[in-house]
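To keep things clear, I will list the structure first and then write my remarks on it.
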Amino acid sequence: MLFKEQYNEIKEIAEDIYYHPELGYKETRTKEKVFNYLTKVNPNIQVEEFSTTGFKTTLGNPNSDTHIGFIAELDAVYAPSHMYADKETGAAHNCGHYTQVAIALALYTHLIKSGTHLQNKISFIFVPAEEYLDLDYRDNLIKDGTISHYGGKPEAMKLGVFDDIDLGICVHAIGGEFEKRTVEINCDLAGFLYKKYTFEGKATHAGFDPFSAKNAYSMSTLFNTAVALGRQQLDEAEHVRVNPIVMQSDMSTNVVPNNITVGTDLRTKTVDYLKDTAMKLDDAANGSALALQGKVNTHTQMGYLPFVQDRYLSTFVKDAFNTSTEIEELMNNNFISAAGDIGDLSYMMPCIQIGYSGFTGTIHGDDFIDVDPEFIYEVFPRFLAQVLEKMDCTIDKDKLYRRSYGEYIELINSIVE
């Protein structure tokens with residue numbers, strides 16, 4: 001009953017965030033909106049703030065030996081052509097993060113007002129900057145020491161936000177339209193690198209003396225051809241994605257270009273294959289430059305690690321679905337080549353990301369919006385409360401794992417190198 005009573009207010013907050021999107025590490029208005037609501041619900045709330053706009057607050061049994069992190073992402077995507085994009089920043093909530101935040105608020109309110117006494121401890125963690133974008137701004141934050149990571153979860157990992165937490169639960173909109181109300185478990189995600197290849201040649205007058213030139217644009221074209229021809233050597237089971245684009249150049253029609261930068265992300269299902277495929281791209285770039293007597297400088301930037309959902313934790317979600325009378329469909333064991341920094345957190349501890357339907361339009365597209373708010377803000381949070389009840393005092397800690405932030409950095413360095 002409580003989820004029905006709080007539905008209108010939760011929906012209004014979600015819509016307010018949707019119409020006021022903010023990019024990562026800039027979610028000041030969103031943070032204030034969320035914080036004000038939580039303070040109204042719980043005047044005695046205690047909050048731990050981190051990395052510009054992130055914060056964490058904890059409920060449940062303080063003496064519990066099982067600590068759950070429920071994670072919501074505050075940021076929007078850069079999508080200036082979206083129908084409700086911010087006209088100044090280009091930010092738009094076409095990934096569904098605004099609903100994540102509202103769902104977390106609905107669940108928090110339920111735990112405060114219902115008198116539910118969980119034996120597990122649960123922290124609600126509102127994390128900035130899940131989307132990997134606006135990198136020039138984040139580069140400046142890194143240079144001035146404000147952050148160390150592009151992604152909000154790795155930054156929180158570095159700051160110790162997850163040090164006392166045993167497992168992570170996130171939720172995410174499912175792209176596409178569904179006839180029936182649907183949840184999803186065990187949808188694994190790709191990992192990705194960001195590669196930049198700067199081809200260097202020799203500029204000359206294109207009409208008078210093209211003979212002594214070394215055409216950097218031709219090197220980049222040869223590289224693209226090599227990538228295209230090399231696709232048949234890539235394992236289909238790894239769901240490899242490569243998308244080279246010319247990022248910057250100083251080309252003129254009467255000058256043979258001597259400097260072209262090609263950038264691409266590289267996505268694969270596993271870390272080892274990410275490394276192997278990166279080496280193949282490097283070889284293709286080096287060979288293309290050498291074939292035309294030029295040079296290439298290579299820059300590798302880590303994106304996010306692959307995300308393998310924890311199958312043990314997903315059993316609690318499946319059990320809740322089997323007893324639910326409100327949700328009709330369960331999707332299970334899919335893989336998509338999208339990525340998220342939940343992959344980085346899952347290296348450190350077991351994590352799941354529960355998907356939910358209720359949207360129309362293309363996720364990250366110009367027309368993305370929710371169409372079943374009752375399911376998203378009332379039914380689904382009630383389902384999550386059932387999941388937490390299934391987990392209470394029943395999680396086998398021997399089936400969980402823990403790695404350190406130091407081990408995480410070691411892995412990232414091995415990939416980039």
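Residues in the structure tokens are named by chain (A, B, ... in the order shown) and by number from 1 within that chain; ligands are numbered from 1 in the order shown.
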Where does range 156-259 of chain A meet range 355-363 of chain A within 8 Å, residue by residue, with the nearest atom pair and distance in Å to one decimal for each, counting only C-alpha atoms, listed by chain and rising number, as a tab-separated table?
```
residue	atom	partner	partner_atom	distance
A:Val171	CA	A:Gly355	CA	5.7
A:His172	CA	A:Gly355	CA	4.8
A:Ala173	CA	A:Tyr356	CA	5.2
A:Ile174	CA	A:Ser357	CA	5.3
A:Gly175	CA	A:Ile363	CA	5.2
A:Gly176	CA	A:Thr360	CA	6.3
A:Glu177	CA	A:Thr360	CA	5.5
A:Phe178	CA	A:Ser357	CA	6.7
A:Arg181	CA	A:Ser357	CA	6.2
A:Thr182	CA	A:Ser357	CA	5.4
A:Val183	CA	A:Tyr356	CA	4.5
A:Glu184	CA	A:Gly355	CA	4.5
A:Ile185	CA	A:Gly355	CA	6.5
```
Would you output that residue set with N, CA and C atoms, as a PDB file, in the first residue's frame?
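For reference, selection16.pdb as written:
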```pdb
ATOM      1  N   VAL A 171      20.016  -1.123 -10.823  1.00  0.00           N
ATOM      2  CA  VAL A 171      18.888  -1.388 -11.719  1.00  0.00           C
ATOM      3  C   VAL A 171      19.077  -0.554 -12.974  1.00  0.00           C
ATOM      4  N   HIS A 172      18.473  -0.988 -14.088  1.00  0.00           N
ATOM      5  CA  HIS A 172      18.647  -0.245 -15.331  1.00  0.00           C
ATOM      6  C   HIS A 172      17.482  -0.484 -16.269  1.00  0.00           C
ATOM      7  N   ALA A 173      17.109   0.572 -16.970  1.00  0.00           N
ATOM      8  CA  ALA A 173      16.067   0.468 -17.987  1.00  0.00           C
ATOM      9  C   ALA A 173      16.471  -0.526 -19.061  1.00  0.00           C
ATOM     10  N   ILE A 174      15.508  -1.308 -19.543  1.00  0.00           N
ATOM     11  CA  ILE A 174      15.739  -2.189 -20.678  1.00  0.00           C
ATOM     12  C   ILE A 174      15.331  -1.433 -21.932  1.00  0.00           C
ATOM     13  N   GLY A 175      16.217  -1.396 -22.925  1.00  0.00           N
ATOM     14  CA  GLY A 175      15.876  -0.746 -24.182  1.00  0.00           C
ATOM     15  C   GLY A 175      14.820  -1.530 -24.948  1.00  0.00           C
ATOM     16  N   GLY A 176      13.957  -0.829 -25.655  1.00  0.00           N
ATOM     17  CA  GLY A 176      12.917  -1.489 -26.441  1.00  0.00           C
ATOM     18  C   GLY A 176      11.576  -1.473 -25.727  1.00  0.00           C
ATOM     19  N   GLU A 177      10.542  -1.790 -26.477  1.00  0.00           N
ATOM     20  CA  GLU A 177       9.181  -1.811 -25.932  1.00  0.00           C
ATOM     21  C   GLU A 177       8.739  -3.249 -25.676  1.00  0.00           C
ATOM     22  N   PHE A 178       7.938  -3.438 -24.630  1.00  0.00           N
ATOM     23  CA  PHE A 178       7.484  -4.757 -24.228  1.00  0.00           C
ATOM     24  C   PHE A 178       5.976  -4.739 -24.027  1.00  0.00           C
ATOM     25  N   ARG A 181       4.808  -6.419 -18.669  1.00  0.00           N
ATOM     26  CA  ARG A 181       5.762  -5.888 -17.695  1.00  0.00           C
ATOM     27  C   ARG A 181       6.860  -6.922 -17.452  1.00  0.00           C
ATOM     28  N   THR A 182       8.108  -6.469 -17.613  1.00  0.00           N
ATOM     29  CA  THR A 182       9.233  -7.388 -17.716  1.00  0.00           C
ATOM     30  C   THR A 182      10.386  -6.942 -16.819  1.00  0.00           C
ATOM     31  N   VAL A 183      11.062  -7.908 -16.215  1.00  0.00           N
ATOM     32  CA  VAL A 183      12.330  -7.654 -15.549  1.00  0.00           C
ATOM     33  C   VAL A 183      13.384  -8.556 -16.187  1.00  0.00           C
ATOM     34  N   GLU A 184      14.650  -8.192 -15.993  1.00  0.00           N
ATOM     35  CA  GLU A 184      15.735  -8.944 -16.602  1.00  0.00           C
ATOM     36  C   GLU A 184      16.846  -9.187 -15.592  1.00  0.00           C
ATOM     37  N   ILE A 185      17.415 -10.400 -15.644  1.00  0.00           N
ATOM     38  CA  ILE A 185      18.569 -10.739 -14.822  1.00  0.00           C
ATOM     39  C   ILE A 185      19.676 -11.319 -15.704  1.00  0.00           C
TER      40      ILE A 185
END
```
Nearest to Arg267 in chain A by atom-to-atom distance, counting only C-alpha atoms, from A:Ala339, A:Leu281, A:Cys351, A:Met331:
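Among the listed residues, the smallest separation from Arg267 in chain A belongs to A:Ala339.
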Show me, as a tab-separated table (two decimals) with all heavy atoms, in the first residue's frame, the residues that have an atom within 12 Å of Arg311 in chain A when counting only C-alpha atoms, minus same-chain residues fewer than 2 positions from it.
```tsv
chain	number	residue	atom	x	y	z
A	185	ILE	N	17.42	-10.40	-15.64
A	185	ILE	CA	18.57	-10.74	-14.82
A	185	ILE	C	19.68	-11.32	-15.70
A	185	ILE	O	19.43	-11.77	-16.82
A	185	ILE	CB	18.22	-11.75	-13.70
A	185	ILE	CG1	17.65	-13.05	-14.28
A	185	ILE	CG2	17.26	-11.14	-12.70
A	185	ILE	CD1	17.41	-14.14	-13.24
A	186	ASN	N	20.89	-11.26	-15.19
A	186	ASN	CA	22.05	-11.91	-15.83
A	186	ASN	C	22.33	-11.40	-17.24
A	186	ASN	O	22.75	-12.15	-18.11
A	186	ASN	CB	21.87	-13.43	-15.85
A	186	ASN	CG	21.78	-14.01	-14.45
A	186	ASN	OD1	22.42	-13.51	-13.53
A	186	ASN	ND2	20.98	-15.04	-14.28
A	187	CYS	N	22.10	-10.12	-17.48
A	187	CYS	CA	22.46	-9.51	-18.76
A	187	CYS	C	23.88	-8.96	-18.63
A	187	CYS	O	24.10	-7.90	-18.03
A	187	CYS	CB	21.48	-8.40	-19.13
A	187	CYS	SG	21.86	-7.61	-20.71
A	188	ASP	N	24.84	-9.69	-19.18
A	188	ASP	CA	26.24	-9.28	-19.09
A	188	ASP	C	26.55	-8.18	-20.11
A	188	ASP	O	25.87	-8.05	-21.13
A	188	ASP	CB	27.15	-10.48	-19.33
A	188	ASP	CG	27.00	-11.54	-18.26
A	188	ASP	OD1	26.56	-11.21	-17.14
A	188	ASP	OD2	27.33	-12.72	-18.54
A	307	PHE	N	31.26	-6.66	-17.63
A	307	PHE	CA	30.41	-6.92	-16.46
A	307	PHE	C	29.80	-8.31	-16.58
A	307	PHE	O	29.02	-8.57	-17.50
A	307	PHE	CB	29.31	-5.86	-16.36
A	307	PHE	CG	28.32	-6.09	-15.25
A	307	PHE	CD1	28.73	-6.59	-14.02
A	307	PHE	CD2	26.98	-5.77	-15.42
A	307	PHE	CE1	27.82	-6.79	-12.99
A	307	PHE	CE2	26.06	-5.96	-14.40
A	307	PHE	CZ	26.48	-6.48	-13.18
A	308	VAL	N	30.18	-9.19	-15.67
A	308	VAL	CA	29.56	-10.51	-15.58
A	308	VAL	C	28.71	-10.52	-14.31
A	308	VAL	O	29.23	-10.43	-13.19
A	308	VAL	CB	30.62	-11.63	-15.52
A	308	VAL	CG1	29.95	-12.99	-15.39
A	308	VAL	CG2	31.51	-11.58	-16.76
A	309	GLN	N	27.40	-10.58	-14.49
A	309	GLN	CA	26.51	-10.53	-13.35
A	309	GLN	C	26.70	-11.76	-12.46
A	309	GLN	O	26.95	-12.86	-12.95
A	309	GLN	CB	25.06	-10.45	-13.82
A	309	GLN	CG	24.78	-9.26	-14.73
A	309	GLN	CD	23.49	-8.56	-14.40
A	309	GLN	OE1	23.01	-8.59	-13.27
A	309	GLN	NE2	22.93	-7.89	-15.38
A	313	LEU	N	23.68	-14.22	-6.74
A	313	LEU	CA	22.79	-13.14	-6.28
A	313	LEU	C	21.52	-13.06	-7.12
A	313	LEU	O	20.45	-12.70	-6.61
A	313	LEU	CB	23.54	-11.81	-6.30
A	313	LEU	CG	24.73	-11.67	-5.35
A	313	LEU	CD1	25.38	-10.30	-5.50
A	313	LEU	CD2	24.31	-11.91	-3.90
A	314	SER	N	21.63	-13.40	-8.40
A	314	SER	CA	20.44	-13.34	-9.26
A	314	SER	C	19.38	-14.36	-8.87
A	314	SER	O	18.21	-14.21	-9.22
A	314	SER	CB	20.84	-13.56	-10.72
A	314	SER	OG	21.56	-12.45	-11.22
A	315	THR	N	19.78	-15.41	-8.14
A	315	THR	CA	18.78	-16.40	-7.73
A	315	THR	C	17.74	-15.79	-6.79
A	315	THR	O	16.58	-16.21	-6.80
A	315	THR	CB	19.44	-17.61	-7.04
A	315	THR	OG1	20.13	-17.17	-5.85
A	315	THR	CG2	20.42	-18.31	-7.97
A	316	PHE	N	18.14	-14.79	-6.02
A	316	PHE	CA	17.19	-14.13	-5.13
A	316	PHE	C	16.16	-13.32	-5.94
A	316	PHE	O	14.99	-13.25	-5.57
A	316	PHE	CB	17.93	-13.22	-4.14
A	316	PHE	CG	18.82	-13.96	-3.19
A	316	PHE	CD1	20.18	-14.08	-3.43
A	316	PHE	CD2	18.30	-14.56	-2.06
A	316	PHE	CE1	21.01	-14.76	-2.56
A	316	PHE	CE2	19.11	-15.26	-1.17
A	316	PHE	CZ	20.47	-15.36	-1.43
A	317	VAL	N	16.62	-12.73	-7.03
A	317	VAL	CA	15.71	-11.98	-7.90
A	317	VAL	C	14.73	-12.95	-8.58
A	317	VAL	O	13.52	-12.67	-8.68
A	317	VAL	CB	16.49	-11.19	-8.96
A	317	VAL	CG1	15.55	-10.31	-9.77
A	317	VAL	CG2	17.58	-10.35	-8.32
A	318	LYS	N	15.25	-14.08	-9.03
A	318	LYS	CA	14.38	-15.07	-9.67
A	318	LYS	C	13.35	-15.61	-8.69
A	318	LYS	O	12.18	-15.81	-9.04
A	318	LYS	CB	15.23	-16.21	-10.24
A	318	LYS	CG	14.43	-17.14	-11.14
A	318	LYS	CD	15.31	-18.16	-11.84
A	318	LYS	CE	14.49	-19.02	-12.78
A	318	LYS	NZ	15.33	-20.05	-13.45
A	332	ASN	N	16.43	-13.65	-19.16
A	332	ASN	CA	17.54	-14.23	-18.42
A	332	ASN	C	18.69	-14.60	-19.36
A	332	ASN	O	18.46	-15.09	-20.47
A	332	ASN	CB	17.05	-15.49	-17.68
A	332	ASN	CG	18.04	-15.98	-16.63
A	332	ASN	OD1	19.11	-15.42	-16.45
A	332	ASN	ND2	17.67	-17.04	-15.93
A	333	ASN	N	19.91	-14.32	-18.91
A	333	ASN	CA	21.14	-14.78	-19.58
A	333	ASN	C	21.32	-14.22	-20.99
A	333	ASN	O	21.66	-14.97	-21.92
A	333	ASN	CB	21.19	-16.30	-19.60
A	333	ASN	CG	21.68	-16.87	-18.28
A	333	ASN	OD1	22.60	-16.32	-17.66
A	333	ASN	ND2	21.07	-17.94	-17.83
A	350	PRO	N	30.84	-8.97	-5.87
A	350	PRO	CA	29.74	-9.45	-6.70
A	350	PRO	C	28.67	-8.39	-6.87
A	350	PRO	O	28.30	-7.70	-5.92
A	350	PRO	CB	29.21	-10.67	-5.94
A	350	PRO	CG	29.68	-10.49	-4.54
A	350	PRO	CD	30.96	-9.73	-4.61
A	351	CYS	N	28.17	-8.25	-8.11
A	351	CYS	CA	27.16	-7.24	-8.41
A	351	CYS	C	26.10	-7.84	-9.35
A	351	CYS	O	26.39	-8.74	-10.14
A	351	CYS	CB	27.78	-6.03	-9.11
A	351	CYS	SG	28.91	-5.06	-8.10
A	352	ILE	N	24.90	-7.29	-9.25
A	352	ILE	CA	23.85	-7.58	-10.23
A	352	ILE	C	23.23	-6.26	-10.67
A	352	ILE	O	23.28	-5.26	-9.94
A	352	ILE	CB	22.75	-8.51	-9.67
A	352	ILE	CG1	22.16	-7.96	-8.36
A	352	ILE	CG2	23.29	-9.92	-9.49
A	352	ILE	CD1	20.98	-8.77	-7.83
A	353	GLN	N	22.67	-6.28	-11.87
A	353	GLN	CA	21.96	-5.12	-12.40
A	353	GLN	C	20.62	-5.62	-12.94
A	353	GLN	O	20.59	-6.33	-13.95
A	353	GLN	CB	22.77	-4.43	-13.50
A	353	GLN	CG	22.10	-3.18	-14.06
A	353	GLN	CD	23.07	-2.33	-14.85
A	353	GLN	OE1	23.72	-1.45	-14.29
A	353	GLN	NE2	23.19	-2.57	-16.14
A	354	ILE	N	19.56	-5.29	-12.26
A	354	ILE	CA	18.23	-5.80	-12.59
A	354	ILE	C	17.58	-4.87	-13.60
A	354	ILE	O	17.46	-3.66	-13.35
A	354	ILE	CB	17.36	-5.91	-11.33
A	354	ILE	CG1	18.09	-6.70	-10.23
A	354	ILE	CG2	16.02	-6.58	-11.66
A	354	ILE	CD1	17.45	-6.57	-8.86
A	399	LYS	N	29.96	-17.50	-0.69
A	399	LYS	CA	29.76	-17.44	-2.13
A	399	LYS	C	30.06	-16.04	-2.70
A	399	LYS	O	29.91	-15.80	-3.89
A	399	LYS	CB	28.33	-17.84	-2.49
A	399	LYS	CG	28.04	-19.31	-2.19
A	399	LYS	CD	26.64	-19.71	-2.63
A	399	LYS	CE	26.39	-21.19	-2.37
A	399	LYS	NZ	25.03	-21.60	-2.78
A	400	LEU	N	30.48	-15.14	-1.83
A	400	LEU	CA	30.85	-13.79	-2.26
A	400	LEU	C	32.36	-13.71	-2.40
A	400	LEU	O	33.09	-14.59	-1.96
A	400	LEU	CB	30.35	-12.75	-1.25
A	400	LEU	CG	28.86	-12.82	-0.87
A	400	LEU	CD1	28.52	-11.67	0.08
A	400	LEU	CD2	27.96	-12.79	-2.10
```
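Rounded to one decimal, CA of Lys390 in chain A and CA of His97 in chain A lie 25.3 Å from each other.
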Produce a table with one row for each residue of range 170-200 of chain A that has an atom at most 12 Å from any atom of range 122-145 of chain A, each row naming the nearest atom pair and its distance in Å at one decimal; use only C-alpha atoms; arrange rows by chain and rising residue number; format as JSON lines.
```
{"residue": "A:Cys170", "atom": "CA", "partner": "A:Ile125", "partner_atom": "CA", "distance": 9.8}
{"residue": "A:His172", "atom": "CA", "partner": "A:Glu130", "partner_atom": "CA", "distance": 11.9}
{"residue": "A:Phe192", "atom": "CA", "partner": "A:Tyr132", "partner_atom": "CA", "distance": 10.6}
{"residue": "A:Leu193", "atom": "CA", "partner": "A:Tyr132", "partner_atom": "CA", "distance": 11.0}
{"residue": "A:Tyr194", "atom": "CA", "partner": "A:Tyr132", "partner_atom": "CA", "distance": 10.4}
```
Write the residues you've just listed into a file as a CSV table (one decimal), in the first residue's frame, and include N, CA, C and O atoms for each of them.
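The file below, part-v2.csv, is the result:
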```
chain,number,residue,atom,x,y,z
A,170,CYS,N,22.3,-2.8,-8.7
A,170,CYS,CA,22.0,-1.7,-9.5
A,170,CYS,C,20.7,-2.1,-10.3
A,170,CYS,O,20.4,-3.3,-10.5
A,172,HIS,N,18.5,-1.0,-14.1
A,172,HIS,CA,18.6,-0.2,-15.3
A,172,HIS,C,17.5,-0.5,-16.3
A,172,HIS,O,16.9,-1.6,-16.4
A,192,PHE,N,35.4,-2.1,-22.6
A,192,PHE,CA,35.9,-1.3,-23.7
A,192,PHE,C,37.1,-0.5,-23.4
A,192,PHE,O,37.3,-0.1,-22.2
A,193,LEU,N,37.9,-0.3,-24.4
A,193,LEU,CA,39.0,0.6,-24.4
A,193,LEU,C,38.7,1.7,-25.4
A,193,LEU,O,37.9,1.6,-26.3
A,194,TYR,N,39.5,2.8,-25.2
A,194,TYR,CA,39.4,3.9,-26.2
A,194,TYR,C,40.8,4.1,-26.8
A,194,TYR,O,41.8,4.3,-26.1
```
Please indicate the distance in Å from CA of Asn61 in chain A to CA of Ser324 in chain A, rounded to one decimal place.
26.2 Å
Show me, as a ChimeraX atom specification, the residues that have an atom within 7 Å of Thr298 in chain A when counting only C-alpha atoms, minus same-chain residues fewer than 3 positions from it.
/A:196-198
For range 101-115 of chain A: contacts at 7 Å, only C-alpha atoms, fewer than 2 positions along chain excluded, given as JSON, numbers by chain
{"A": [2, 3, 10, 13, 14, 41, 72, 73, 74, 97, 98, 99, 117, 377, 381, 385]}
Output all heavy atoms of each residue in that selection to a file, as a short mmCIF file (atom, residue, chain, number, x, y, z; two decimals), in the first residue's frame.
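Result file selection_29.cif:
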```
data_model
loop_
_atom_site.label_atom_id
_atom_site.label_comp_id
_atom_site.auth_asym_id
_atom_site.auth_seq_id
_atom_site.Cartn_x
_atom_site.Cartn_y
_atom_site.Cartn_z
N LEU A 2 1.99 1.20 0.71
CA LEU A 2 2.83 2.38 0.85
C LEU A 2 3.40 2.84 -0.49
O LEU A 2 3.47 4.04 -0.77
CB LEU A 2 3.98 2.08 1.82
CG LEU A 2 4.89 3.25 2.18
CD1 LEU A 2 4.10 4.40 2.78
CD2 LEU A 2 5.97 2.80 3.14
N PHE A 3 3.78 1.90 -1.36
CA PHE A 3 4.31 2.28 -2.66
C PHE A 3 3.26 3.02 -3.49
O PHE A 3 3.59 3.94 -4.24
CB PHE A 3 4.81 1.04 -3.41
CG PHE A 3 6.09 0.49 -2.87
CD1 PHE A 3 6.09 -0.63 -2.05
CD2 PHE A 3 7.30 1.10 -3.15
CE1 PHE A 3 7.28 -1.14 -1.55
CE2 PHE A 3 8.51 0.60 -2.64
CZ PHE A 3 8.48 -0.52 -1.84
N ILE A 10 6.97 10.45 -5.95
CA ILE A 10 8.15 9.84 -6.57
C ILE A 10 8.16 10.12 -8.07
O ILE A 10 9.20 10.48 -8.66
CB ILE A 10 8.18 8.32 -6.30
CG1 ILE A 10 8.37 8.04 -4.80
CG2 ILE A 10 9.26 7.64 -7.13
CD1 ILE A 10 9.70 8.48 -4.24
N ILE A 13 9.25 13.71 -8.80
CA ILE A 13 10.69 13.88 -8.67
C ILE A 13 11.40 13.35 -9.92
O ILE A 13 12.31 13.98 -10.47
CB ILE A 13 11.22 13.18 -7.40
CG1 ILE A 13 10.70 13.90 -6.16
CG2 ILE A 13 12.75 13.15 -7.39
CD1 ILE A 13 10.97 13.16 -4.87
N ALA A 14 10.98 12.16 -10.36
CA ALA A 14 11.59 11.57 -11.56
C ALA A 14 11.42 12.49 -12.76
O ALA A 14 12.37 12.70 -13.53
CB ALA A 14 10.95 10.21 -11.83
N VAL A 41 12.04 12.83 4.28
CA VAL A 41 11.59 11.50 4.68
C VAL A 41 12.25 11.07 5.99
O VAL A 41 11.61 10.46 6.85
CB VAL A 41 11.91 10.47 3.56
CG1 VAL A 41 11.65 9.04 4.04
CG2 VAL A 41 11.10 10.77 2.32
N ALA A 72 22.36 4.01 -7.46
CA ALA A 72 21.61 4.76 -8.46
C ALA A 72 22.54 5.78 -9.11
O ALA A 72 23.39 6.37 -8.44
CB ALA A 72 20.41 5.46 -7.84
N GLU A 73 22.37 5.98 -10.41
CA GLU A 73 23.27 6.84 -11.18
C GLU A 73 22.60 8.18 -11.47
O GLU A 73 21.46 8.23 -11.93
CB GLU A 73 23.66 6.11 -12.48
CG GLU A 73 24.45 4.85 -12.18
CD GLU A 73 24.38 3.77 -13.24
OE1 GLU A 73 23.54 3.87 -14.16
OE2 GLU A 73 25.16 2.81 -13.13
N LEU A 74 23.32 9.25 -11.21
CA LEU A 74 22.74 10.58 -11.23
C LEU A 74 22.79 11.27 -12.60
O LEU A 74 22.04 12.21 -12.85
CB LEU A 74 23.47 11.48 -10.23
CG LEU A 74 23.39 11.07 -8.75
CD1 LEU A 74 24.39 11.89 -7.93
CD2 LEU A 74 21.98 11.27 -8.21
N HIS A 97 18.49 6.91 -16.30
CA HIS A 97 19.06 7.08 -14.96
C HIS A 97 18.10 7.83 -14.04
O HIS A 97 18.11 7.61 -12.82
CB HIS A 97 20.40 7.80 -15.03
CG HIS A 97 21.48 7.00 -15.67
ND1 HIS A 97 22.78 7.46 -15.79
CD2 HIS A 97 21.49 5.76 -16.22
CE1 HIS A 97 23.52 6.54 -16.39
NE2 HIS A 97 22.75 5.52 -16.67
N TYR A 98 17.30 8.72 -14.60
CA TYR A 98 16.36 9.47 -13.76
C TYR A 98 15.38 8.53 -13.06
O TYR A 98 14.94 8.79 -11.94
CB TYR A 98 15.61 10.51 -14.60
CG TYR A 98 14.63 9.95 -15.59
CD1 TYR A 98 13.26 9.98 -15.34
CD2 TYR A 98 15.05 9.39 -16.80
CE1 TYR A 98 12.35 9.47 -16.26
CE2 TYR A 98 14.16 8.89 -17.71
CZ TYR A 98 12.80 8.92 -17.44
OH TYR A 98 11.90 8.41 -18.35
N THR A 99 15.05 7.41 -13.72
CA THR A 99 14.15 6.45 -13.08
C THR A 99 14.87 5.64 -12.01
O THR A 99 14.28 5.27 -11.00
CB THR A 99 13.52 5.51 -14.13
OG1 THR A 99 14.54 4.76 -14.80
CG2 THR A 99 12.71 6.28 -15.15
N HIS A 117 12.22 -3.99 9.34
CA HIS A 117 13.49 -4.06 10.06
C HIS A 117 14.38 -5.12 9.39
O HIS A 117 14.34 -6.30 9.74
CB HIS A 117 13.26 -4.41 11.53
CG HIS A 117 12.46 -3.38 12.26
ND1 HIS A 117 12.92 -2.10 12.50
CD2 HIS A 117 11.20 -3.42 12.76
CE1 HIS A 117 11.99 -1.41 13.16
NE2 HIS A 117 10.94 -2.18 13.32
N TYR A 377 7.68 3.16 -10.99
CA TYR A 377 7.81 3.85 -9.70
C TYR A 377 7.00 3.22 -8.56
O TYR A 377 7.18 3.60 -7.40
CB TYR A 377 7.40 5.32 -9.85
CG TYR A 377 8.14 6.03 -10.95
CD1 TYR A 377 7.46 6.69 -11.98
CD2 TYR A 377 9.53 6.03 -10.98
CE1 TYR A 377 8.15 7.33 -13.00
CE2 TYR A 377 10.22 6.66 -11.99
CZ TYR A 377 9.52 7.31 -13.01
OH TYR A 377 10.22 7.94 -14.02
N PRO A 381 9.62 -1.01 -7.63
CA PRO A 381 10.22 -0.85 -6.29
C PRO A 381 9.65 -1.85 -5.27
O PRO A 381 10.39 -2.32 -4.39
CB PRO A 381 9.88 0.59 -5.91
CG PRO A 381 9.69 1.28 -7.21
CD PRO A 381 9.08 0.27 -8.13
N ALA A 385 11.76 -4.54 -3.04
CA ALA A 385 11.62 -4.76 -1.60
C ALA A 385 11.50 -6.25 -1.30
O ALA A 385 12.05 -6.75 -0.31
CB ALA A 385 10.39 -4.01 -1.08
#
```
Based on DSSP run over this structure's backbone, return all residues of range 183-320 of chain A in alpha helix (DSSP H), as a PyMOL selection string.
chain A and resi 216-230+271-291+311-320
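The spacing separating CA of Pro210 in chain A from CA of Gln248 in chain A amounts to 21.8 Å.
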Please return, as a list in words, all residues of range 137-225 of chain A that DSSP assigns to strand (DSSP E or B) on the basis of the backbone.
Leu167, Gly168, Ile169, Cys170, Val171, His172, Ala173, Thr182, Val183, Glu184, Ile185, Asp188, Leu189, Gly191, Phe192, Leu193, Tyr194, Lys195, Lys196, Tyr197, Thr198, Phe199, Glu200, Lys202, His205 and Lys214 of chain A
Store the residues picked out above in a file with C-alpha atoms, as a short mmCIF file (atom, residue, chain, number, x, y, z; two decimals), in the first residue's frame.
```
data_model
loop_
_atom_site.label_atom_id
_atom_site.label_comp_id
_atom_site.auth_asym_id
_atom_site.auth_seq_id
_atom_site.Cartn_x
_atom_site.Cartn_y
_atom_site.Cartn_z
CA LEU A 167 27.70 -6.77 -2.78
CA GLY A 168 26.20 -4.27 -5.21
CA ILE A 169 22.69 -4.03 -6.64
CA CYS A 170 21.96 -1.68 -9.52
CA VAL A 171 18.89 -1.39 -11.72
CA HIS A 172 18.65 -0.24 -15.33
CA ALA A 173 16.07 0.47 -17.99
CA THR A 182 9.23 -7.39 -17.72
CA VAL A 183 12.33 -7.65 -15.55
CA GLU A 184 15.74 -8.94 -16.60
CA ILE A 185 18.57 -10.74 -14.82
CA ASP A 188 26.24 -9.28 -19.09
CA LEU A 189 27.96 -6.25 -20.64
CA GLY A 191 34.23 -3.98 -21.62
CA PHE A 192 35.87 -1.31 -23.71
CA LEU A 193 39.03 0.60 -24.42
CA TYR A 194 39.40 3.91 -26.20
CA LYS A 195 42.18 4.03 -28.81
CA LYS A 196 43.61 7.05 -30.62
CA TYR A 197 45.99 6.72 -33.56
CA THR A 198 47.71 9.86 -34.83
CA PHE A 199 49.19 9.26 -38.26
CA GLU A 200 52.08 11.53 -39.21
CA LYS A 202 54.94 14.87 -44.76
CA HIS A 205 51.71 21.14 -52.29
CA LYS A 214 53.67 11.19 -47.21
#
```
Restricting the calculation to only C-alpha atoms: of A:Phe335, A:Tyr78, A:Tyr312, A:Tyr217, which residue gets closest to Thr268 in chain A?
A:Phe335
Excluding Pro80 in chain A and any residue of its chain fewer than 6 positions from it, enumerate the residues within 8 Å of it, using only C-alpha atoms, and give them as an MDAnalysis selection string.
chainID A and resid 86:87 89:92
Go ahead and dump the residues you just picked, C-alpha atoms, as an mmCIF file, in the first residue's frame.
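result00.cif, written as the output of this step:
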```
data_model
loop_
_atom_site.group_PDB
_atom_site.id
_atom_site.type_symbol
_atom_site.label_atom_id
_atom_site.label_comp_id
_atom_site.auth_asym_id
_atom_site.auth_seq_id
_atom_site.Cartn_x
_atom_site.Cartn_y
_atom_site.Cartn_z
ATOM 1 C CA ASP A 86 19.211 20.878 -22.058
ATOM 2 C CA LYS A 87 19.731 23.586 -24.659
ATOM 3 C CA THR A 89 24.750 21.625 -22.145
ATOM 4 C CA GLY A 90 23.232 19.075 -24.546
ATOM 5 C CA ALA A 91 22.476 16.744 -21.638
ATOM 6 C CA ALA A 92 19.466 14.424 -21.922
#
```
